[in-house]
file work-v6.pdb (PDB, C-alpha atoms)
MODEL        1
ATOM      1  CA  MET A  20       0.000   0.000   0.000
ATOM      2  CA  LEU A  21       1.150   3.540  -0.673
ATOM      3  CA  GLY A  22       0.802   4.506   2.983
ATOM      4  CA  THR A  23       3.471   1.983   4.002
ATOM      5  CA  ILE A  24       6.153   3.209   1.608
ATOM      6  CA  ALA A  25       9.109   4.396   3.682
ATOM      7  CA  TRP A  26      10.387   7.943   3.266
ATOM      8  CA  ASP A  27      13.906   6.476   3.237
ATOM      9  CA  CYS A  28      13.240   5.710  -0.418
ATOM     10  CA  THR A  29      13.823   9.364  -1.278
ATOM     11  CA  VAL A  30      15.212   8.869  -4.764
ATOM     12  CA  VAL A  31      11.748   8.170  -6.159
ATOM     13  CA  LEU A  32      10.233  11.268  -4.586
ATOM     14  CA  VAL A  33      13.137  13.534  -5.549
ATOM     15  CA  ARG A  34      12.661  12.552  -9.163
ATOM     16  CA  MET A  35       8.952  13.372  -8.927
ATOM     17  CA  MET A  36       9.289  16.804  -7.300
ATOM     18  CA  ASP A  37      10.818  19.889  -8.876
ATOM     19  CA  ALA A  38      14.004  21.825  -8.151
ATOM     20  CA  ASP A  39      12.212  24.354  -5.898
ATOM     21  CA  PHE A  40      11.077  21.555  -3.581
ATOM     22  CA  ARG A  41      14.541  20.006  -3.495
ATOM     23  CA  ALA A  42      16.145  23.375  -2.715
ATOM     24  CA  THR A  43      13.897  24.105   0.273
ATOM     25  CA  THR A  44      14.570  23.408   3.934
ATOM     26  CA  PHE A  45      11.386  22.374   5.739
ATOM     27  CA  VAL A  46      11.260  23.397   9.411
ATOM     28  CA  PHE A  47       8.704  21.373  11.375
ATOM     29  CA  ILE A  48       7.594  23.316  14.453
ATOM     30  CA  ASP A  49       5.334  22.388  17.334
ATOM     31  CA  VAL A  50       4.313  24.437  20.362
ATOM     32  CA  GLU A  51       3.376  22.454  23.471
ATOM     33  CA  LEU A  52       0.772  24.142  25.658
ATOM     34  CA  ARG A  53      -0.150  24.006  29.325
ATOM     35  CA  SER A  54      -3.379  25.225  30.827
ATOM     36  CA  GLN A  55      -3.648  28.045  33.343
ATOM     37  CA  ILE A  56      -6.230  30.569  34.439
ATOM     38  CA  GLY A  57      -6.671  33.101  31.648
ATOM     39  CA  GLY A  58      -5.897  30.704  28.841
ATOM     40  CA  PRO A  59      -3.257  28.267  27.606
ATOM     41  CA  VAL A  60       0.382  29.303  27.597
ATOM     42  CA  PRO A  61       3.372  27.835  25.727
ATOM     43  CA  ALA A  62       5.285  25.227  27.712
ATOM     44  CA  ALA A  63       7.834  24.182  25.096
ATOM     45  CA  VAL A  64       8.709  24.647  21.462
ATOM     46  CA  ALA A  65      10.474  22.144  19.228
ATOM     47  CA  ALA A  66      11.740  22.335  15.674
ATOM     48  CA  LEU A  67      13.127  19.737  13.279
ATOM     49  CA  ALA A  68      14.624  20.762   9.922
ATOM     50  CA  LEU A  69      14.731  18.381   6.948
ATOM     51  CA  GLY A  70      16.253  19.007   3.547
ATOM     52  CA  GLY A  71      13.882  18.764   0.600
ATOM     53  CA  LYS A  72      16.624  17.241  -1.529
ATOM     54  CA  ASP A  73      16.982  14.038   0.454
ATOM     55  CA  GLY A  74      14.694  14.267   3.501
ATOM     56  CA  GLN A  75      17.656  14.068   5.856
ATOM     57  CA  PRO A  76      17.633  15.840   9.272
ATOM     58  CA  LEU A  77      19.690  19.041   9.305
ATOM     59  CA  TRP A  78      19.200  20.298  12.869
ATOM     60  CA  ARG A  79      16.890  20.102  15.888
ATOM     61  CA  VAL A  80      15.881  22.511  18.647
ATOM     62  CA  HIS A  81      13.922  21.895  21.843
ATOM     63  CA  ARG A  82      13.431  24.682  24.367
ATOM     64  CA  GLU A  83      11.359  24.700  27.533
ATOM     65  CA  ILE A  84       9.333  27.868  28.185
ATOM     66  CA  HIS A  85       8.867  29.139  31.734
ATOM     67  CA  GLU A  86       6.697  32.222  31.468
ATOM     68  CA  ASP A  87       2.966  32.828  31.685
ATOM     69  CA  ARG A  88       2.276  34.868  28.562
ATOM     70  CA  THR A  89      -0.958  33.815  26.851
ATOM     71  CA  LEU A  90      -0.932  33.452  23.091
ATOM     72  CA  SER A  91      -3.598  36.094  22.564
ATOM     73  CA  SER A  92      -5.592  38.684  24.451
ATOM     74  CA  GLU A  93      -8.103  41.427  23.785
ATOM     75  CA  LYS A  94      -5.291  43.995  23.902
ATOM     76  CA  PRO A  95      -2.131  42.374  22.495
ATOM     77  CA  ARG A  96       1.099  43.662  23.982
ATOM     78  CA  PRO A  97       3.747  45.176  21.710
ATOM     79  CA  PRO A  98       6.344  42.589  20.686
ATOM     80  CA  ARG A  99       9.348  42.460  23.001
ATOM     81  CA  LEU A 100      12.722  43.406  21.600
ATOM     82  CA  PRO A 101      15.556  40.848  21.941
ATOM     83  CA  HIS A 102      17.163  42.636  24.891
ATOM     84  CA  GLU A 103      13.833  42.503  26.759
ATOM     85  CA  LEU A 104      13.548  38.710  26.670
ATOM     86  CA  PRO A 105      13.972  36.904  30.004
ATOM     87  CA  GLU A 106      15.510  33.452  30.320
ATOM     88  CA  GLY A 107      12.976  30.749  29.574
ATOM     89  CA  SER A 108      10.841  33.033  27.403
ATOM     90  CA  SER A 109       9.079  31.978  24.232
ATOM     91  CA  GLY A 110      10.911  34.734  22.367
ATOM     92  CA  LEU A 111      14.316  33.290  23.262
ATOM     93  CA  ALA A 112      13.137  29.818  22.221
ATOM     94  CA  LEU A 113      12.083  31.065  18.800
ATOM     95  CA  ARG A 114      15.255  33.113  18.480
ATOM     96  CA  GLU A 115      17.250  29.914  18.962
ATOM     97  CA  ILE A 116      15.391  28.360  16.025
ATOM     98  CA  GLU A 117      15.982  31.449  13.893
ATOM     99  CA  ARG A 118      19.742  31.172  14.438
ATOM    100  CA  HIS A 119      19.705  27.961  12.393
ATOM    101  CA  LEU A 120      18.200  29.556   9.290
ATOM    102  CA  THR A 121      20.494  29.823   6.278
ATOM    103  CA  THR A 122      20.351  31.558   2.916
ATOM    104  CA  GLN A 123      18.514  28.544   1.492
ATOM    105  CA  PRO A 124      14.721  28.933   1.059
ATOM    106  CA  HIS A 125      12.761  27.752   4.107
ATOM    107  CA  ARG A 126       9.171  26.853   4.867
ATOM    108  CA  ILE A 127       7.676  26.344   8.314
ATOM    109  CA  VAL A 128       5.528  23.211   8.501
ATOM    110  CA  ALA A 129       3.070  22.417  11.298
ATOM    111  CA  ALA A 130      -0.129  20.498  11.983
ATOM    112  CA  LEU A 131      -2.682  23.210  11.158
ATOM    113  CA  GLY A 132      -0.217  25.836  12.427
ATOM    114  CA  ILE A 133      -2.700  28.168  14.128
ATOM    115  CA  ILE A 134      -0.927  28.110  17.503
ATOM    116  CA  GLU A 135       2.516  28.327  15.930
ATOM    117  CA  ALA A 136       1.509  31.282  13.741
ATOM    118  CA  ALA A 137       0.081  33.142  16.749
ATOM    119  CA  LEU A 138       3.261  32.651  18.771
ATOM    120  CA  LEU A 139       5.490  33.726  15.903
ATOM    121  CA  ARG A 140       3.407  36.847  15.417
ATOM    122  CA  ASN A 141       3.521  37.693  19.121
ATOM    123  CA  GLU A 142       7.297  37.266  19.240
ATOM    124  CA  ARG A 143       8.164  38.593  15.769
ATOM    125  CA  ALA A 144      10.607  41.187  17.118
ATOM    126  CA  ALA A 145      12.732  38.349  18.511
ATOM    127  CA  CYS A 146      12.597  36.208  15.372
ATOM    128  CA  PRO A 147      11.705  38.468  12.411
ATOM    129  CA  HIS A 148      13.015  36.137   9.723
ATOM    130  CA  LEU A 149      11.290  33.082  11.172
ATOM    131  CA  ALA A 150       8.053  35.046  11.569
ATOM    132  CA  SER A 151       8.269  36.111   7.913
ATOM    133  CA  LEU A 152       8.335  32.577   6.501
ATOM    134  CA  THR A 153       5.342  31.044   4.757
ATOM    135  CA  LEU A 154       3.715  28.396   6.952
ATOM    136  CA  TRP A 155       2.440  25.120   5.489
ATOM    137  CA  ASP A 156      -0.452  23.150   6.984
ATOM    138  CA  THR A 157       0.505  19.473   6.946
ATOM    139  CA  LEU A 158      -3.066  18.307   7.498
ATOM    140  CA  ALA A 159      -4.247  20.215   4.422
ATOM    141  CA  LEU A 160      -1.737  18.285   2.323
ATOM    142  CA  ALA A 161      -2.560  14.989   4.028
ATOM    143  CA  ARG A 162      -6.273  15.416   3.352
ATOM    144  CA  ARG A 163      -5.582  16.115  -0.311
ATOM    145  CA  ALA A 164      -3.299  13.076  -0.494
ATOM    146  CA  CYS A 165      -5.863  10.846   1.290
ATOM    147  CA  PRO A 166      -9.252  11.592  -0.274
ATOM    148  CA  GLY A 167     -12.105  10.051   1.681
ATOM    149  CA  VAL A 168     -10.253  10.026   5.010
ATOM    150  CA  GLU A 169     -12.157  12.132   7.518
ATOM    151  CA  GLY A 170     -11.090  13.525  10.869
ATOM    152  CA  GLY A 171      -7.880  15.002  12.230
ATOM    153  CA  ILE A 172      -4.278  13.980  12.599
ATOM    154  CA  GLU A 173      -4.859  10.426  13.931
ATOM    155  CA  PRO A 174      -6.905   8.978  11.018
ATOM    156  CA  LEU A 175      -4.695  10.738   8.481
ATOM    157  CA  ALA A 176      -1.587   9.327  10.129
ATOM    158  CA  ARG A 177      -3.048   5.823  10.087
ATOM    159  CA  SER A 178      -3.907   6.142   6.405
ATOM    160  CA  LEU A 179      -0.340   7.197   5.655
ATOM    161  CA  GLY A 180       1.230   4.443   7.752
ATOM    162  CA  VAL A 181       2.566   6.748  10.484
ATOM    163  CA  HIS A 182       2.336   5.434  14.047
ATOM    164  CA  LEU A 183       1.417   8.074  16.630
ATOM    165  CA  ARG A 184       1.936   7.710  20.348
ATOM    166  CA  PRO A 185      -1.520   7.778  21.993
ATOM    167  CA  GLY A 186      -2.567  10.817  24.006
ATOM    168  CA  ARG A 187      -0.796  14.135  24.302
ATOM    169  CA  ARG A 188       2.689  14.153  22.815
ATOM    170  CA  PRO A 189       5.628  16.343  23.872
ATOM    171  CA  ALA A 190       6.620  19.035  21.384
ATOM    172  CA  THR A 191       9.634  17.112  20.083
ATOM    173  CA  GLN A 192       7.566  13.990  19.392
ATOM    174  CA  GLU A 193       4.819  16.025  17.761
ATOM    175  CA  ALA A 194       7.262  17.837  15.465
ATOM    176  CA  TRP A 195       8.697  14.470  14.430
ATOM    177  CA  ALA A 196       5.208  13.044  13.841
ATOM    178  CA  VAL A 197       4.250  16.030  11.689
ATOM    179  CA  SER A 198       7.413  15.561   9.636
ATOM    180  CA  GLN A 199       6.526  11.915   9.002
ATOM    181  CA  ILE A 200       2.938  12.740   8.001
ATOM    182  CA  PHE A 201       4.150  15.529   5.715
ATOM    183  CA  GLN A 202       6.723  13.342   3.999
ATOM    184  CA  ARG A 203       4.347  10.439   3.474
ATOM    185  CA  ALA A 204       1.592  12.786   2.230
ATOM    186  CA  VAL A 205       3.898  14.480  -0.286
ATOM    187  CA  GLU A 206       5.121  11.094  -1.432
ATOM    188  CA  ARG A 207       1.645   9.613  -1.813
ATOM    189  CA  GLY A 208       0.355  12.651  -3.680
ATOM    190  CA  ALA A 209       3.346  12.644  -6.019
ATOM    191  CA  ILE A 210       2.959   8.942  -6.798
ATOM    192  CA  ALA A 211      -0.765   9.475  -7.453
ATOM    193  CA  GLY A 212       0.011  12.380  -9.795
ATOM    194  CA  ARG A 213      -1.680  14.988  -7.596
ATOM    195  CA  TRP A 214       1.382  17.231  -7.617
ATOM    196  CA  SER A 215       4.959  17.404  -8.797
ATOM    197  CA  ARG A 216       5.818  21.068  -8.192
ATOM    198  CA  PHE A 217       6.611  23.068  -5.092
ATOM    199  CA  ALA A 218       4.144  25.758  -6.205
ATOM    200  CA  GLN A 219       1.283  23.254  -6.156
ATOM    201  CA  LEU A 220       1.973  22.361  -2.528
ATOM    202  CA  GLU A 221       2.290  26.029  -1.616
ATOM    203  CA  GLU A 222      -1.103  26.777  -3.124
ATOM    204  CA  ILE A 223      -2.765  23.938  -1.222
ATOM    205  CA  ALA A 224      -1.165  24.379   2.191
ATOM    206  CA  GLY A 225       0.739  27.671   2.370
ATOM    207  CA  THR A 226      -0.190  30.796   4.320
ATOM    208  CA  VAL A 227       1.887  33.950   3.993
ATOM    209  CA  PRO A 228       2.095  35.830   7.335
ATOM    210  CA  LYS A 229       1.541  39.527   7.803
ATOM    211  CA  PRO A 230       4.727  41.458   7.049
ATOM    212  CA  VAL A 231       6.988  42.066  10.023
ATOM    213  CA  GLU A 232       7.325  45.788  10.648
ATOM    214  CA  GLU A 233      10.531  47.333   9.357
ATOM    215  CA  LYS A 234      11.497  48.550  12.827
ATOM    216  CA  PHE A 235      11.892  44.940  13.957
ATOM    217  CA  LEU A 236      14.072  43.896  11.020
ATOM    218  CA  PRO A 237      17.883  43.952  11.042
ATOM    219  CA  PRO A 238      19.637  46.197   8.518
ATOM    220  CA  PRO A 239      19.423  44.831   4.941
ATOM    221  CA  THR A 240      23.144  44.114   4.952
ATOM    222  CA  VAL A 241      22.770  41.802   7.959
ATOM    223  CA  GLN A 242      21.238  38.435   7.062
ATOM    224  CA  GLY A 243      18.948  40.085   4.559
ATOM    225  CA  SER A 244      19.196  37.051   2.302
ATOM    226  CA  LEU A 245      17.382  34.898   4.866
ATOM    227  CA  PHE A 246      14.105  36.093   3.395
ATOM    228  CA  ASP A 247      12.823  33.739   0.726
TER     229      ASP A 247
ENDMDL
END
call {"tool": "encode", "arguments": {"input": "work-v6.pdb", "output": "C-alpha cells"}}
result
Amino acid sequence: MLGTIAWDCTVVLVRMMDADFRATTFVFIDVELRSQIGGPVPAAVAALALGGKDGQPLWRVHREIHEDRTLSSEKPRPPRLPHELPEGSSGLALREIERHLTTQPHRIVAALGIIEAALLRNERAACPHLASLTLWDTLALARRACPGVEGGIEPLARSLGVHLRPGRRPATQEAWAVSQIFQRAVERGAIAGRWSRFAQLEEIAGTVPKPVEEKFLPPPTVQGSLFD
C-alpha cells in the first residue's frame, strides 16, 4: 500500500518533485501548551529541519518555556525586543530556532499551524526572519493526499502508515510526527500524480504571514538574504 512506503526511499520522490522543492529546507515546528487561568500558555517549542533534496535531518531545537504569557488577548502587547527577553521566554526559544536559518529557502511546517503562527506573530521582534516565513499546513496536504479520510491527525496518520503515540505528545515527538505525516503525504500525492511542483503544494497548504514591521528587522546588509 502507498501509505506503508518508507520515506527512506527518497530517490523516487526527488525525481517526482521539482528543483524548488529540493532546494527548500522544511522546518517542522510544534508548540506544546499548558493550561492556566486566563488561557493556555506555551510550555515548550520544538523544531526539526529536513532538507527537501533528500529528507535528511539538518538540525533540531527543543526549548522549555517558563513564562505565563498567553498566546492572545483582547489587547495584544507590543512585541518584546531581543534585549527585553527573560531566560525561559518563548521569544528566546524562537530566536534559537531562527539562528539555524540559512540563505537557502525555508518553509515552516506544522499540523494546522494556528498556535505556531500566533506565537510567531507575538514574538516577531525576537525572530523576524522566522516570523516572515510562509507556513504550510501538513493536514491540508494529508487530506488532499488521502481523499475520503475524515477527521484530524490520527486517522490521516493511520492512512499514511505513520504510528502516533496515543494521548498528548511532547513538542519534540509532535514535530517528528508532523514531519513523518508531511513526507508520506507528499510522497503519496506525487505517486498518485496529484502534484509534482513546489508551487502546487504552496497553493494547497501555504499561508503567507503579515509582514513584520521594518522597525523589527535587522539592517538589509545583515542576514537580509534569509528572506525567501
call {"tool": "residues_around", "arguments": {"input": "work-v6.pdb", "residues": "Ala209 in chain A", "least_positions_apart": "5", "cutoff": "8 Å", "atoms": "all atoms listed in the file", "output": "compact mmCIF listing (two decimals) with C-alpha atoms, keeping the file's coordinate frame"}}
result
# COMPACT_ATOMS: atom_id res chain seq x y z
CA LEU A 32 10.23 11.27 -4.59
CA MET A 35 8.95 13.37 -8.93
CA MET A 36 9.29 16.80 -7.30
CA TRP A 214 1.38 17.23 -7.62
CA SER A 215 4.96 17.40 -8.80
call {"tool": "residues_around", "arguments": {"input": "work-v6.pdb", "residues": "Ala38 in chain A", "least_positions_apart": "2", "cutoff": "9 Å", "atoms": "all atoms listed in the file", "output": "PyMOL selection string"}}
result
chain A and resi 33+36+40-43+72+216-217
call {"tool": "residues_around", "arguments": {"input": "work-v6.pdb", "residues": "Ala65 in chain A", "least_positions_apart": "6", "cutoff": "6 Å", "atoms": "only C-alpha atoms", "output": "list in words"}}
result
Ile48, Asp49, Val80, His81, Ala190 and Thr191 of chain A
call {"tool": "atom_distance", "arguments": {"input": "work-v6.pdb", "atom1": "CA of Glu221 in chain A", "atom2": "CA of Thr153 in chain A"}}
result
8.7 Å
call {"tool": "axis_aligned_box", "arguments": {"input": "work-v6.pdb", "around": "range 159-167 of chain A", "padding_each_side": "6 Å", "output": "AutoDock Vina command-line options"}}
result
--center_x -6.9 --center_y 15.1 --center_z 2.0 --size_x 22.4 --size_y 22.2 --size_z 16.9
call {"tool": "resolve_selection", "arguments": {"input": "work-v6.pdb", "expression": "the PyMOL selection byres ((chain A and resi 134-145) around 9)", "output": "NGL selection string"}}
result
:A and (48-50 or 61 or 90-91 or 95-102 or 104 or 109-111 or 113-114 or 117 or 129 or 131-133 or 146-151 or 154 or 228-229 or 231-232 or 234-236)
call {"tool": "closest_residue", "arguments": {"input": "work-v6.pdb", "among": "A:Thr89, A:Ser178, A:Ser198, A:Thr121", "to": "Pro59 in chain A", "atoms": "only C-alpha atoms"}}
result
A:Thr89
call {"tool": "closest_residue", "arguments": {"input": "work-v6.pdb", "among": "A:Arg82, A:Ser54, A:Arg126, A:Ser108", "to": "Gly70 in chain A", "atoms": "all atoms listed in the file"}}
result
A:Arg126
call {"tool": "closest_residue", "arguments": {"input": "work-v6.pdb", "among": "A:Arg163, A:Leu179, A:Gly212, A:Pro189", "to": "Ala224 in chain A", "atoms": "all atoms listed in the file"}}
result
A:Arg163
call {"tool": "residues_around", "arguments": {"input": "work-v6.pdb", "residues": "range 181-184 of chain A", "least_positions_apart": "4", "cutoff": "9 Å", "atoms": "only C-alpha atoms", "output": "list in words"}}
result
Gly22, Thr23, Glu173, Leu175, Ala176, Arg177, Arg188, Gln192, Glu193, Ala196, Gln199, Ile200 and Arg203 of chain A
call {"tool": "atom_distance", "arguments": {"input": "work-v6.pdb", "atom1": "CA of Ile56 in chain A", "atom2": "CA of Ile84 in chain A"}}
result
17.0 Å
call {"tool": "atom_distance", "arguments": {"input": "work-v6.pdb", "atom1": "CA of Pro124 in chain A", "atom2": "CA of Gly171 in chain A"}}
result
28.8 Å
